[in-house]
Every structure is written in C-alpha cells, then in structure tokens.
>>> print(open('upload-v1.pdb').read())   # PDB, C-alpha atoms
ATOM      1  CA  MET A   1     288.638  60.226  52.204
ATOM      2  CA  ASN A   2     289.429  62.638  55.034
ATOM      3  CA  LEU A   3     286.458  64.751  56.157
ATOM      4  CA  LEU A   4     287.436  67.951  57.976
ATOM      5  CA  VAL A   5     284.543  69.526  59.860
ATOM      6  CA  SER A   6     284.809  72.072  62.668
ATOM      7  CA  GLY A   7     283.157  75.227  63.929
ATOM      8  CA  THR A   8     285.710  77.372  62.098
ATOM      9  CA  ASN A   9     286.656  75.184  59.110
ATOM     10  CA  ALA A  10     284.589  75.941  56.035
ATOM     11  CA  PHE A  11     286.164  73.330  53.773
ATOM     12  CA  TYR A  12     286.083  69.600  53.196
ATOM     13  CA  GLY A  13     289.465  67.975  52.455
ATOM     14  CA  TYR A  14     289.872  65.002  50.145
ATOM     15  CA  GLY A  15     292.979  62.882  49.719
ATOM     16  CA  GLY A  16     294.374  62.720  46.200
ATOM     17  CA  TYR A  17     297.556  62.344  44.267
ATOM     18  CA  GLY A  18     298.367  65.987  44.793
ATOM     19  CA  GLY A  19     297.608  65.939  48.510
ATOM     20  CA  TYR A  20     294.360  67.739  49.437
ATOM     21  CA  ARG A  21     291.896  69.554  47.294
ATOM     22  CA  TYR A  22     289.183  71.555  48.910
ATOM     23  CA  MET A  23     285.503  72.075  48.389
ATOM     24  CA  PHE A  24     283.774  75.008  50.086
ATOM     25  CA  ASP A  25     281.095  74.103  52.637
ATOM     26  CA  TRP A  26     278.167  76.043  51.139
ATOM     27  CA  THR A  27     276.225  76.009  54.420
ATOM     28  CA  TYR A  28     278.578  78.742  55.661
ATOM     29  CA  LEU A  29     276.695  81.044  53.295
ATOM     30  CA  LEU A  30     273.808  80.790  55.770
ATOM     31  CA  VAL A  31     276.098  81.960  58.565
ATOM     32  CA  ILE A  32     277.403  84.811  56.421
ATOM     33  CA  ALA A  33     273.859  85.874  55.518
ATOM     34  CA  GLY A  34     272.952  85.970  59.208
ATOM     35  CA  LEU A  35     276.020  88.042  60.025
ATOM     36  CA  VAL A  36     275.220  90.507  57.253
ATOM     37  CA  LEU A  37     271.637  90.907  58.502
ATOM     38  CA  SER A  38     272.857  91.532  62.050
ATOM     39  CA  MET A  39     275.492  94.033  60.901
ATOM     40  CA  VAL A  40     272.999  95.965  58.780
ATOM     41  CA  ALA A  41     270.480  96.102  61.625
ATOM     42  CA  SER A  42     273.151  97.188  64.107
ATOM     43  CA  ALA A  43     274.423  99.906  61.770
ATOM     44  CA  ARG A  44     270.887 101.168  61.234
ATOM     45  CA  VAL A  45     270.046 101.454  64.926
ATOM     46  CA  LYS A  46     273.333 103.215  65.654
ATOM     47  CA  GLY A  47     272.806 105.621  62.763
ATOM     48  CA  THR A  48     269.188 106.348  63.691
ATOM     49  CA  PHE A  49     270.045 106.849  67.365
ATOM     50  CA  ALA A  50     272.931 109.168  66.450
ATOM     51  CA  LYS A  51     270.665 111.216  64.171
ATOM     52  CA  TYR A  52     267.963 111.791  66.764
ATOM     53  CA  SER A  53     270.478 112.215  69.569
ATOM     54  CA  ARG A  54     271.044 115.613  67.970
ATOM     55  CA  MET A  55     267.326 116.497  68.289
ATOM     56  CA  ARG A  56     266.713 118.078  71.690
ATOM     57  CA  SER A  57     263.380 117.165  73.237
ATOM     58  CA  MET A  58     261.069 120.143  73.751
ATOM     59  CA  CYS A  59     260.271 119.001  77.306
ATOM     60  CA  GLY A  60     263.964 119.299  78.168
ATOM     61  CA  LEU A  61     263.918 116.122  80.261
ATOM     62  CA  THR A  62     266.961 113.879  80.353
ATOM     63  CA  GLY A  63     266.597 110.158  79.807
ATOM     64  CA  ALA A  64     266.654 109.554  83.562
ATOM     65  CA  GLN A  65     264.069 112.272  84.222
ATOM     66  CA  ALA A  66     261.846 111.037  81.411
ATOM     67  CA  ALA A  67     262.047 107.494  82.776
ATOM     68  CA  GLN A  68     260.988 108.723  86.207
ATOM     69  CA  LYS A  69     258.034 110.570  84.693
ATOM     70  CA  VAL A  70     256.946 107.603  82.569
ATOM     71  CA  LEU A  71     257.088 105.305  85.600
ATOM     72  CA  GLU A  72     255.006 107.749  87.635
ATOM     73  CA  LEU A  73     252.472 108.101  84.825
ATOM     74  CA  SER A  74     252.229 104.297  84.861
ATOM     75  CA  GLY A  75     251.691 104.183  88.615
ATOM     76  CA  ILE A  76     255.057 102.560  89.304
ATOM     77  CA  TYR A  77     257.000 103.890  92.296
ATOM     78  CA  ASP A  78     259.153 100.941  93.363
ATOM     79  CA  VAL A  79     261.595 100.860  90.426
ATOM     80  CA  ARG A  80     265.032 102.451  90.888
ATOM     81  CA  ILE A  81     266.783 104.251  88.046
ATOM     82  CA  GLU A  82     270.538 103.796  87.853
ATOM     83  CA  HIS A  83     273.342 104.796  85.518
ATOM     84  CA  VAL A  84     275.307 102.077  83.737
ATOM     85  CA  SER A  85     278.392 102.564  81.589
ATOM     86  CA  GLY A  86     278.428 101.875  77.870
ATOM     87  CA  HIS A  87     276.556 102.897  74.738
ATOM     88  CA  LEU A  88     272.973 101.635  74.348
ATOM     89  CA  THR A  89     273.438  99.170  77.196
ATOM     90  CA  ASP A  90     270.085 100.233  78.650
ATOM     91  CA  HIS A  91     268.003  97.481  80.259
ATOM     92  CA  TYR A  92     265.435  96.708  82.931
ATOM     93  CA  ASP A  93     266.278  94.137  85.601
ATOM     94  CA  PRO A  94     263.012  92.585  86.835
ATOM     95  CA  ARG A  95     264.710  90.641  89.641
ATOM     96  CA  SER A  96     265.864  93.759  91.485
ATOM     97  CA  LYS A  97     263.374  96.176  89.891
ATOM     98  CA  VAL A  98     266.144  98.423  88.601
ATOM     99  CA  LEU A  99     266.100 100.349  85.341
ATOM    100  CA  ARG A 100     269.657 100.978  84.131
ATOM    101  CA  LEU A 101     270.344 103.693  81.576
ATOM    102  CA  SER A 102     273.577 103.984  79.609
ATOM    103  CA  ASP A 103     275.943 106.917  79.125
ATOM    104  CA  SER A 104     274.161 107.880  75.902
ATOM    105  CA  THR A 105     270.737 107.911  77.569
ATOM    106  CA  TYR A 106     270.924 108.753  81.263
ATOM    107  CA  GLY A 107     271.958 112.415  81.099
ATOM    108  CA  SER A 108     270.939 113.273  77.542
ATOM    109  CA  ASN A 109     267.846 115.355  76.805
ATOM    110  CA  SER A 110     267.570 114.215  73.205
ATOM    111  CA  VAL A 111     264.475 112.656  71.665
ATOM    112  CA  ALA A 112     266.435 109.424  71.141
ATOM    113  CA  ALA A 113     267.423 109.248  74.815
ATOM    114  CA  VAL A 114     263.891 109.938  76.037
ATOM    115  CA  CYS A 115     262.436 107.237  73.799
ATOM    116  CA  VAL A 116     265.018 104.598  74.723
ATOM    117  CA  ALA A 117     264.473 105.343  78.416
ATOM    118  CA  ALA A 118     260.703 105.115  77.934
ATOM    119  CA  HIS A 119     261.126 101.780  76.128
ATOM    120  CA  GLU A 120     262.895 100.326  79.157
ATOM    121  CA  CYS A 121     260.076 101.666  81.311
ATOM    122  CA  GLY A 122     257.777  99.706  79.024
ATOM    123  CA  HIS A 123     259.427  96.532  80.322
ATOM    124  CA  ALA A 124     258.820  97.673  83.896
ATOM    125  CA  VAL A 125     255.140  98.138  83.035
ATOM    126  CA  GLN A 126     255.065  94.660  81.497
ATOM    127  CA  HIS A 127     256.582  93.266  84.673
ATOM    128  CA  GLN A 128     254.028  95.032  86.853
ATOM    129  CA  LYS A 129     251.149  93.725  84.752
ATOM    130  CA  SER A 130     252.610  90.202  84.392
ATOM    131  CA  TYR A 131     252.578  90.508  80.609
ATOM    132  CA  GLY A 132     252.333  86.951  79.235
ATOM    133  CA  PRO A 133     255.252  86.900  76.748
ATOM    134  CA  LEU A 134     257.550  88.545  79.324
ATOM    135  CA  VAL A 135     256.638  85.893  81.915
ATOM    136  CA  LEU A 136     257.258  83.169  79.321
ATOM    137  CA  ARG A 137     260.595  84.672  78.317
ATOM    138  CA  SER A 138     261.728  84.833  81.952
ATOM    139  CA  THR A 139     260.757  81.173  82.349
ATOM    140  CA  LEU A 140     262.766  80.237  79.263
ATOM    141  CA  VAL A 141     265.987  81.974  80.359
ATOM    142  CA  PRO A 142     267.595  78.936  82.105
ATOM    143  CA  ALA A 143     266.720  76.584  79.231
ATOM    144  CA  ALA A 144     267.930  79.083  76.612
ATOM    145  CA  ASN A 145     271.249  79.614  78.427
ATOM    146  CA  PHE A 146     271.688  75.860  78.831
ATOM    147  CA  GLY A 147     270.886  75.228  75.182
ATOM    148  CA  SER A 148     273.114  77.954  73.759
ATOM    149  CA  THR A 149     276.055  76.763  75.886
ATOM    150  CA  LEU A 150     275.869  73.062  75.058
ATOM    151  CA  ALA A 151     274.389  73.041  71.552
ATOM    152  CA  TRP A 152     277.642  73.377  69.613
ATOM    153  CA  PRO A 153     279.818  70.967  71.655
ATOM    154  CA  VAL A 154     277.095  68.305  71.561
ATOM    155  CA  PHE A 155     276.389  68.787  67.848
ATOM    156  CA  PHE A 156     280.020  68.642  66.759
ATOM    157  CA  ALA A 157     280.638  65.623  68.970
ATOM    158  CA  GLY A 158     277.846  64.016  66.972
ATOM    159  CA  LEU A 159     279.580  64.955  63.721
ATOM    160  CA  ILE A 160     282.967  63.682  64.844
ATOM    161  CA  PHE A 161     281.692  60.356  66.171
ATOM    162  CA  SER A 162     278.862  59.966  63.631
ATOM    163  CA  MET A 163     276.272  59.660  66.397
ATOM    164  CA  LYS A 164     272.806  60.707  65.251
ATOM    165  CA  PRO A 165     271.400  61.056  68.814
ATOM    166  CA  LEU A 166     274.055  63.682  69.588
ATOM    167  CA  LEU A 167     273.298  65.540  66.362
ATOM    168  CA  THR A 168     269.599  65.578  67.229
ATOM    169  CA  ALA A 169     270.328  66.670  70.802
ATOM    170  CA  GLY A 170     272.501  69.529  69.539
ATOM    171  CA  ILE A 171     269.728  70.730  67.226
ATOM    172  CA  ILE A 172     267.140  70.559  70.023
ATOM    173  CA  LEU A 173     269.434  72.471  72.402
ATOM    174  CA  PHE A 174     270.045  75.205  69.835
ATOM    175  CA  SER A 175     266.295  75.357  69.161
ATOM    176  CA  LEU A 176     265.753  76.407  72.779
ATOM    177  CA  ALA A 177     267.797  79.553  72.163
ATOM    178  CA  VAL A 178     265.886  80.229  68.939
ATOM    179  CA  ILE A 179     262.543  79.884  70.739
ATOM    180  CA  PHE A 180     263.766  82.347  73.370
ATOM    181  CA  GLN A 181     264.587  84.885  70.661
ATOM    182  CA  LEU A 182     261.199  84.308  69.032
ATOM    183  CA  VAL A 183     259.397  85.033  72.304
ATOM    184  CA  THR A 184     261.555  88.144  72.743
ATOM    185  CA  LEU A 185     260.032  89.806  69.655
ATOM    186  CA  PRO A 186     256.532  90.492  71.065
ATOM    187  CA  VAL A 187     258.117  91.585  74.357
ATOM    188  CA  GLU A 188     260.248  94.220  72.636
ATOM    189  CA  PHE A 189     257.567  95.435  70.231
ATOM    190  CA  ASN A 190     255.036  95.713  73.048
ATOM    191  CA  ALA A 191     257.466  97.662  75.260
ATOM    192  CA  SER A 192     257.985 100.175  72.452
ATOM    193  CA  SER A 193     254.265 100.596  71.774
ATOM    194  CA  ARG A 194     253.607 101.105  75.500
ATOM    195  CA  ALA A 195     256.409 103.653  75.703
ATOM    196  CA  LEU A 196     255.205 105.709  72.751
ATOM    197  CA  ARG A 197     251.618 105.656  74.010
ATOM    198  CA  ILE A 198     252.639 106.899  77.472
ATOM    199  CA  LEU A 199     254.877 109.595  75.986
ATOM    200  CA  GLU A 200     251.983 110.789  73.859
ATOM    201  CA  ASP A 201     249.239 110.569  76.487
ATOM    202  CA  GLY A 202     251.485 112.189  79.111
ATOM    203  CA  HIS A 203     252.403 115.010  76.715
ATOM    204  CA  VAL A 204     256.092 114.273  77.221
ATOM    205  CA  LEU A 205     256.820 114.466  73.488
ATOM    206  CA  GLY A 206     255.110 116.350  70.678
ATOM    207  CA  SER A 207     253.786 114.822  67.470
ATOM    208  CA  THR A 208     256.952 115.523  65.464
ATOM    209  CA  GLU A 209     259.104 114.087  68.230
ATOM    210  CA  LEU A 210     256.933 110.972  68.413
ATOM    211  CA  VAL A 211     257.505 110.344  64.709
ATOM    212  CA  ALA A 212     261.242 110.503  65.349
ATOM    213  CA  GLY A 213     260.819 108.258  68.391
ATOM    214  CA  LYS A 214     259.024 105.625  66.331
ATOM    215  CA  LYS A 215     261.992 105.566  63.959
ATOM    216  CA  VAL A 216     264.465 105.118  66.820
ATOM    217  CA  LEU A 217     262.514 102.310  68.475
ATOM    218  CA  GLY A 218     261.635 100.743  65.122
ATOM    219  CA  ALA A 219     265.316 100.545  64.200
ATOM    220  CA  ALA A 220     266.089  99.023  67.597
ATOM    221  CA  ALA A 221     263.358  96.408  67.121
ATOM    222  CA  LEU A 222     264.908  95.367  63.808
ATOM    223  CA  THR A 223     268.047  94.228  65.645
ATOM    224  CA  TYR A 224     265.952  91.587  67.419
ATOM    225  CA  VAL A 225     264.376  90.523  64.127
ATOM    226  CA  ALA A 226     267.810  90.249  62.518
ATOM    227  CA  SER A 227     269.149  88.280  65.482
ATOM    228  CA  LEU A 228     266.265  85.829  65.228
ATOM    229  CA  ALA A 229     266.757  85.484  61.466
ATOM    230  CA  ALA A 230     270.478  84.795  61.960
ATOM    231  CA  SER A 231     269.712  82.120  64.546
ATOM    232  CA  VAL A 232     267.102  80.481  62.324
ATOM    233  CA  LEU A 233     269.631  80.354  59.484
ATOM    234  CA  GLN A 234     272.178  78.812  61.833
ATOM    235  CA  LEU A 235     269.606  76.247  62.961
ATOM    236  CA  LEU A 236     268.866  75.432  59.330
ATOM    237  CA  ARG A 237     272.583  74.887  58.785
ATOM    238  CA  LEU A 238     272.728  72.400  61.661
ATOM    239  CA  VAL A 239     269.784  70.475  60.203
ATOM    240  CA  ILE A 240     271.434  70.379  56.754
ATOM    241  CA  LEU A 241     274.747  69.181  58.192
ATOM    242  CA  ALA A 242     272.978  66.493  60.225
ATOM    243  CA  ARG A 243     271.051  65.246  57.178
ATOM    244  CA  GLY A 244     274.256  65.285  55.153
ATOM    245  CA  ARG A 245     275.891  63.019  57.702
ATOM    246  CA  ASP A 246     272.903  60.649  57.498
ATOM    247  CA  ASP A 247     273.451  60.405  53.741
ATOM    248  CA  ASP A 248     277.134  59.461  54.105
TER     249      ASP A 248
END
>>> encode(input="upload-v1.pdb", output="structure tokens")
Amino acid sequence: MNLLVSGTNAFYGYGGYGGYRYMFDWTYLLVIAGLVLSMVASARVKGTFAKYSRMRSMCGLTGAQAAQKVLELSGIYDVRIEHVSGHLTDHYDPRSKVLRLSDSTYGSNSVAAVCVAAHECGHAVQHQKSYGPLVLRSTLVPAANFGSTLAWPVFFAGLIFSMKPLLTAGIILFSLAVIFQLVTLPVEFNASSRALRILEDGHVLGSTELVAGKKVLGAAALTYVASLAASVLQLLRLVILARGRDDD
C-alpha cells in the first residue's frame, strides 16, 4: 500500500491491479470550510467599506484629520500619522508609535474612512494605557511567528517518517499561532469600541453616522473571527491526521 500525503495532495493512493485508485482525504473539507469563511468575511468587509465610503462625513474631516483629532481627544500627542499605499492596509505600529493610513483612508472624508482611522487610534490608546490583551499579543508575536513558520514542515516530517513526537511538536507549534489569533479578538473589538466612543463623545460623527460606523467596524471584526475559525479547523485537521497515523 502506497500512502501519498502532502500539503497539496488531497488523495490517498492504493496499489491495485489497475494501478492506483484514489480516495479523497475528507479532512480537506475542513480547510475548504475555513477558506469559505475567510472569503465571505473578506467580501463582506470590502462591500461594507465600499458602501459607506460613499457616505461623506458631516464633519468633513479626512481619515488623517480625524485620526489626529481622536488622538488629541485621547491625550496622545507623540504618535505620528503617515500615509501607506494599498487598500485597507491601515495599522498602528507600537514600536515606532506611527499610525499608518492607507490610500482608501488617509485622504478620504467618508464615514468609513473616519471610522477605520479612529479604530487604528484605538490601538494607540491601548498602547498608551498598556491594555492587557495588547501587551499579551505583543509578547506572543515571536512565538506565533516561530510556530507558524515551522509547524507544517515539522508536522509533515512526522507524517513521512511516522514519528509521533514530530507530529505532536507540529501541532503544538501551530497552536501558538492559533492562540495569537485568539488573543487578537479582544484587542480588535476593544479598539473598535474605544474608537466609536471617542467619535461620539467628541462629536466627530452624528448618531446616523455612528450606526454606519458600527457596521463598518463590525464587518472588519468578523474577518478576525473568520481567520480564527479557519485556523481552528486547520488545527483540528492536524489532530485528526496525527490520530489517523497512530491507528495505522
């Protein structure tokens, strides 16, 4: 019996009189489900952002101007605001205290742009206040990067050589990346809630605009939920494959 297992091969091959016959590896359905969830979440955030990018904010502030105002309202004066190329590539860099806003956010005065910019300011506020989950996530970055890089090579080496310690090590390494994504959820949700509260208390957006803003940031948050779900499904697949090898 010839067992064909690889990161891209979804079939098991068996020798027979007619050569090979194939049986589909059903665990790939978990991968497909994760991909579908991620695609749906990504499509939703893009659609929601596009919709409210056409709604001009009554304050008339661009994303960059709104970010500056939100930072000032939060008592933060040591964070630079820079432009970065791309679409929805906005992020806050805590190491250099720089808030980078994308092409679709920096110069746009739409409700979507203002809310996305404010969300990134929410991370700056978290950094200033040493928000627990953000501190934990920053601590986990090296381990998560290490785990996501080595998990697959180690796991598949375990499959190829039938070495249970390598299979277990691969699962543990991948789990580090999953834990990182789990910790990311409260960080992102909290940044959005802070942003909306500051926009409301600072009278940057009106009540109708805030409702739209909640939809934009809510859709964005779902991408993190979908990413975590996809990773959990992938982790489950690794566990199933490892147990299947034990049964051989």
>>> closest_residue(input="upload-v1.pdb", among="A:Ala33, A:Asp90, A:Ala43, A:Pro142", to="Leu222 (chain A)", atoms="only C-alpha atoms")
A:Ala43
>>> resolve_selection(input="upload-v1.pdb", expression="the PyMOL selection byres ((chain A and resi 172-189) around 8)", output="MDAnalysis selection string")
chainID A and resid 123 133:134 136:137 140:141 143:148 150:152 168:171 190:193 221 224:225 227:228 231:232 235
>>> write_last_selection(input="upload-v1.pdb", atoms="C-alpha atoms", output="CSV table (one decimal), in the coordinates of the input")
chain,number,residue,atom,x,y,z
A,123,HIS,CA,259.4,96.5,80.3
A,133,PRO,CA,255.3,86.9,76.7
A,134,LEU,CA,257.6,88.5,79.3
A,136,LEU,CA,257.3,83.2,79.3
A,137,ARG,CA,260.6,84.7,78.3
A,140,LEU,CA,262.8,80.2,79.3
A,141,VAL,CA,266.0,82.0,80.4
A,143,ALA,CA,266.7,76.6,79.2
A,144,ALA,CA,267.9,79.1,76.6
A,145,ASN,CA,271.2,79.6,78.4
A,146,PHE,CA,271.7,75.9,78.8
A,147,GLY,CA,270.9,75.2,75.2
A,148,SER,CA,273.1,78.0,73.8
A,150,LEU,CA,275.9,73.1,75.1
A,151,ALA,CA,274.4,73.0,71.6
A,152,TRP,CA,277.6,73.4,69.6
A,168,THR,CA,269.6,65.6,67.2
A,169,ALA,CA,270.3,66.7,70.8
A,170,GLY,CA,272.5,69.5,69.5
A,171,ILE,CA,269.7,70.7,67.2
A,190,ASN,CA,255.0,95.7,73.0
A,191,ALA,CA,257.5,97.7,75.3
A,192,SER,CA,258.0,100.2,72.5
A,193,SER,CA,254.3,100.6,71.8
A,221,ALA,CA,263.4,96.4,67.1
A,224,TYR,CA,266.0,91.6,67.4
A,225,VAL,CA,264.4,90.5,64.1
A,227,SER,CA,269.1,88.3,65.5
A,228,LEU,CA,266.3,85.8,65.2
A,231,SER,CA,269.7,82.1,64.5
A,232,VAL,CA,267.1,80.5,62.3
A,235,LEU,CA,269.6,76.2,63.0
>>> resolve_selection(input="upload-v1.pdb", expression="the PyMOL selection byres ((chain A and resi 52-66) around 8)", output="ChimeraX atom specification")
/A:48-51,67-70,81,101,105-118,204-206,209,212,216
>>> resolve_selection(input="upload-v1.pdb", expression="the PyMOL selection byres ((chain A and resi 159-167) around 9)", output="mmCIF file with C-alpha atoms, in the coordinates of the input")
data_model
loop_
_atom_site.group_PDB
_atom_site.id
_atom_site.type_symbol
_atom_site.label_atom_id
_atom_site.label_comp_id
_atom_site.auth_asym_id
_atom_site.auth_seq_id
_atom_site.Cartn_x
_atom_site.Cartn_y
_atom_site.Cartn_z
ATOM 1 C CA VAL A 5 284.543 69.526 59.860
ATOM 2 C CA SER A 6 284.809 72.072 62.668
ATOM 3 C CA VAL A 154 277.095 68.305 71.561
ATOM 4 C CA PHE A 155 276.389 68.787 67.848
ATOM 5 C CA PHE A 156 280.020 68.642 66.759
ATOM 6 C CA ALA A 157 280.638 65.623 68.970
ATOM 7 C CA GLY A 158 277.846 64.016 66.972
ATOM 8 C CA THR A 168 269.599 65.578 67.229
ATOM 9 C CA ALA A 169 270.328 66.670 70.802
ATOM 10 C CA GLY A 170 272.501 69.529 69.539
ATOM 11 C CA ILE A 171 269.728 70.730 67.226
ATOM 12 C CA ILE A 172 267.140 70.559 70.023
ATOM 13 C CA LEU A 238 272.728 72.400 61.661
ATOM 14 C CA VAL A 239 269.784 70.475 60.203
ATOM 15 C CA LEU A 241 274.747 69.181 58.192
ATOM 16 C CA ALA A 242 272.978 66.493 60.225
ATOM 17 C CA ARG A 245 275.891 63.019 57.702
ATOM 18 C CA ASP A 246 272.903 60.649 57.498
#
>>> atom_distance(input="upload-v1.pdb", atom1="CA of Gln234 (chain A)", atom2="CA of Thr89 (chain A)")
25.5 Å
>>> axis_aligned_box(input="upload-v1.pdb", around="region 139-147 of chain A", padding_each_side="5 Å", output="JSON")
{"center_x": 266.2, "center_y": 78.6, "center_z": 78.8, "size_x": 20.9, "size_y": 16.7, "size_z": 17.2}
>>> atom_distance(input="upload-v1.pdb", atom1="CA of Arg237 (chain A)", atom2="CA of Ser42 (chain A)")
22.9 Å
